[in-house]
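Asker: Following this message is one structure expressed as structure tokens.
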Amino acid sequence: MLELFLVCTVAINGFLALSVLIKNPRNSLTTYYYFLLSLCLSIWVVSNAVAEIHTGDIAINGLLTQVATVAAYLGVLFTMLFCRSFIAPLIPNRKSQQKKLLLAGVFIVFGVLSFTHLMASNVTRNEEGILIFTQGPLILVYALMLILLVSVSLKDLRIRIRHGNYVEKTQARFITYGLVLAISVGMVTNVLLPAIFPEFQTAGFGTPLLTLLVTVPIGYALIKHRLLDVRPIAARITAFAMLLITLGTLYSTIIINLNGVIFEGYQPANSVQFLYILVFIALGFLVHPLYKLFWTISGRLFLHHIYEPQNVVNELNGVLVANLHLKPLMLRLQKVIRTNIDTKYTIIQLSDHTLFRQGDGSGIHSEILTALEHEFKKTDRDMVSIRDIVTDPDKKALADMMLEYELAIMVAIKHGASKKGLLYISEKSTGLPYTNQDLDIIKVIVAQAGLAIQNALLFQEVSQFNVTLQQKVSDATRELRSYNAKLVSLDVAKDEFISMASHQLRTPLTSIKGYLSMVLDGDMGRLTSAQRPVLEQAYESSQRMVYVVGDLLNFTRMKTGTFLFVKEPVAIDAVAATEANQLQKTATAKGLQLIFSSTKDCPVLMLDENKIRQVIMNFMDNAIYYTPVGGMISVTVTHDSEKVSYTVTDNGAGVPSSEQHLLFTKFYRAANARKIRPDGTGLGLYMAKKIIKAQGGTMLFNTEEGKGSTFGFSFPIKDGKVR
């Protein structure tokens, strides 16, 4: 029983010492002092135990006693140094170099003396053969030195308790409890009882008990209060141990059954041994699933809340892919953290101070978060953990605030060099500290969150832009509809006015034109040479007005659907010849040469003669107006087996190329035409195209600015009729 107790004690001391050395390199002096303290305590336990168990050789026992004395002294010395480094941030370093060297010399001298029989016990054997441990002459000085070192340690811990924060006070209290209990038990079992009763030999039990009273409270402080989290190490060791035991048991059981049942105890041949190897390989396939099972069991035993990092990464990727909107993205990111790491609450504060909360963090107002952010910026870090800054006096303000509001971690969310916000993570619901695995997975989450926030903000910006654009388009559309309704109303009013004005003007214009024609024909008497030119000009003007009124009436009829076609046999060449003869005098008066030509046997087509005549006359009239003095106008009617064509070609002003595509639209006139003839309506060519297209014809048009134009039309024929 004693041997098992000793083994457990040494194992606990060694496990804690190595764990601190490997997993807690942040504070090097404290780490090394604790490692040396645990090592010395382990040596003390082993040397005392072996000295009591091994009773055959006095020399060996004497050497072990000396080793135990030195180990005890060094253990207490490193305890004092551990406590001194533990409170170093809270006290100023005022000792000079000479004082430090003097103290170091004293400690070294006592270390050397403790290895001699001046302090270490001298071992003898009495008449009954029992080993007698006689204390050295300086044992009281040795004890006083130990008491002094322990007193300094307790004083340092008292400073930590009085001036530290909550975590520091808790750490110091547990260490103090352990030292006081260890001193009490150690003084009784290792000093007083052996001094009073030389035959007393229970120090071997008291020594491991003493070390456990030191290591267990300190270990509890390490595990529970953030000095170090060794639970993952313990969990993995347990999982591996369970795995090895299970596989060993399975293999042994299978081999025994094969050897005892199948082979009846005989030594198997090489082929059978090969079968054993196959069994071993088959068991190898069970390693991974069994380890996952035992890791889950040990994790729940030691960690209470366990997760697989790869599963967290997979869940995180799913959240990032499925969410583009900022709010659900932030809330689900926090859910990933809280579900897997088991935090009390999380808060994400974006750069524009937008807050997203999950859990019991409503008590932290925006003013508090602003103060925390201000202190966080002073650290010049991307991540701050309470366990990293709790002993740093320069970061005491931030540490106190984090402790007050149960915050464990603050981490900046970045995308490249751009800061997107801050993530506040509370303590765990279980009160357990954060492991390195927790910190690593938080870094992964934050790295992905930075990119996700950037994408969500861009998506939000684009969405908002789309909403704004859609609203502007809707407003513009509504405004355009309003304007369009007004334009339609104005267009209707315009059409009504044109129709009314045209009808009102048609009758008097017809009368004026008729009377002028009678006067010019001499029905009212003979005209003088001065009267005739004036009356001829008046007649031409009235004729133009009749044409304008006709265009306006046709336009209004087309708008109202009353523009009807009455088709009858029409000889295009005859109509064109008649109109050319009528305009010959006008062309001659303007100094123009009007030439008409036509092919023989032009087919008769089924057309509306009045409307076709209007088009033929319009093309000739335009050529006369837009051709300068001395110009020539050629009017031709041609036909072949496919079509009949009518064209009017002049060498007048022509049409600018930039305006040709608008020439046949209503009310449009080219810029050079408006200068030559300001009184035009812009309806002649528009109506001409409508009339020709409505009867199955094709418009002919070719022009070059400054050189002239060709206007005309063609109708397809078949057997002398309109196709």
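Residue numbering restarts at 1 in every chain; chains get A, B, ... in the order shown in the structure tokens, and ligands count up from 1 in that same order.
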Fewer than 6 positions away in the same chain doesn't count, so skip those; otherwise give me all residues within 8 Å of A:Gly111, counting only C-alpha atoms, as a PyMOL selection string.

Answerer: chain A and resi 70+73-74

Asker: Report the distance between atom CA of A:Gln349 and atom CA of A:Glu461 in Å, rounded to one decimal place.

Answerer: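 Distance between the two atoms: 18.6 Å.
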
Asker: Give me the residues within 12 Å of A:Ala574 as a PyMOL selection string, counting only C-alpha atoms and dropping any in the same chain fewer than 5 places off.

Answerer: chain A and resi 569+579-581+596-605+609+612-613+616+636-637+646

Asker: Given only C-alpha atoms as the basis, pick out the residue of A:Ala72, A:Ile245, A:Ala589, A:Met410 nearest to A:Lys443.

Answerer: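 For A:Lys443, the nearest of the candidates is A:Met410.
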
Asker: Extract the full set of strand (DSSP E) residues from stretch 548-682 of chain A according to DSSP on the backbone, and format it as a PyMOL selection string.

Answerer: chain A and resi 568-571+593-598+604-607+632-639+643-650

Asker: So that I can see what lies close to A:Glu373, please list as number ranges by chain the residues with an atom at most 9 Å from it, counting only C-alpha atoms and leaving out residues fewer than 4 positions away in the same chain.

Answerer: A: 368-369, 377-378, 410, 422

Asker: So that I can check the surroundings of A:Met401, please list as a list in words every protein, DNA and RNA residue that reaches within 9 Å of it, counting only C-alpha atoms and ignoring chain neighbours fewer than 6 positions away.

Answerer: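 Those residues are Ile368, Ala371, Leu372 and Leu407 of chain A.
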
Asker: Write out as a list in words each polymer residue whose atoms come within 8 Å of stretch 315-319 of chain A, counting only C-alpha atoms; drop sequence neighbours fewer than 3 positions from it.

Answerer: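 That gives Asn311, Val312, Ala322, Asn323, Leu329, Arg332, Leu333, Val336 and Ile445 of chain A.
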
Asker: Could you write out that same residue set with N, CA and C atoms as a short mmCIF file (atom, residue, chain, number, x, y, z; two decimals), in the first residue's frame?

Answerer:
data_model
loop_
_atom_site.label_atom_id
_atom_site.label_comp_id
_atom_site.auth_asym_id
_atom_site.auth_seq_id
_atom_site.Cartn_x
_atom_site.Cartn_y
_atom_site.Cartn_z
N ASN A 311 -14.94 19.24 -36.97
CA ASN A 311 -16.39 19.40 -37.04
C ASN A 311 -16.79 20.86 -36.91
N VAL A 312 -16.07 21.60 -36.05
CA VAL A 312 -16.35 23.03 -35.90
C VAL A 312 -16.06 23.77 -37.20
N ALA A 322 -24.02 29.55 -46.32
CA ALA A 322 -25.47 29.65 -46.32
C ALA A 322 -25.98 31.05 -45.99
N ASN A 323 -25.11 31.96 -45.53
CA ASN A 323 -25.58 33.27 -45.06
C ASN A 323 -24.80 34.39 -45.72
N LEU A 329 -25.82 36.05 -40.25
CA LEU A 329 -24.44 35.57 -40.28
C LEU A 329 -23.78 35.75 -38.91
N ARG A 332 -25.32 33.39 -36.21
CA ARG A 332 -24.96 31.97 -36.37
C ARG A 332 -23.48 31.74 -36.10
N LEU A 333 -22.64 32.73 -36.39
CA LEU A 333 -21.24 32.63 -36.00
C LEU A 333 -21.11 32.53 -34.48
N VAL A 336 -22.10 29.13 -33.28
CA VAL A 336 -21.03 28.14 -33.45
C VAL A 336 -20.08 28.19 -32.25
N ILE A 445 -12.07 30.81 -36.44
CA ILE A 445 -13.40 31.40 -36.62
C ILE A 445 -13.29 32.88 -36.94
#

Asker: What is the atom CA of A:Thr253-atom CA of A:Leu293 distance in Å, reported with one decimal?

Answerer: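 Distance between the two atoms: 20.9 Å.
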
Asker: Once DSSP has gone over the backbone, tell me which residues of stretch 524-706 of chain A are in helix (DSSP H, G or I), as a PyMOL selection string.

Answerer: chain A and resi 531-560+572-589+609-626+657-662+671-676+684-694
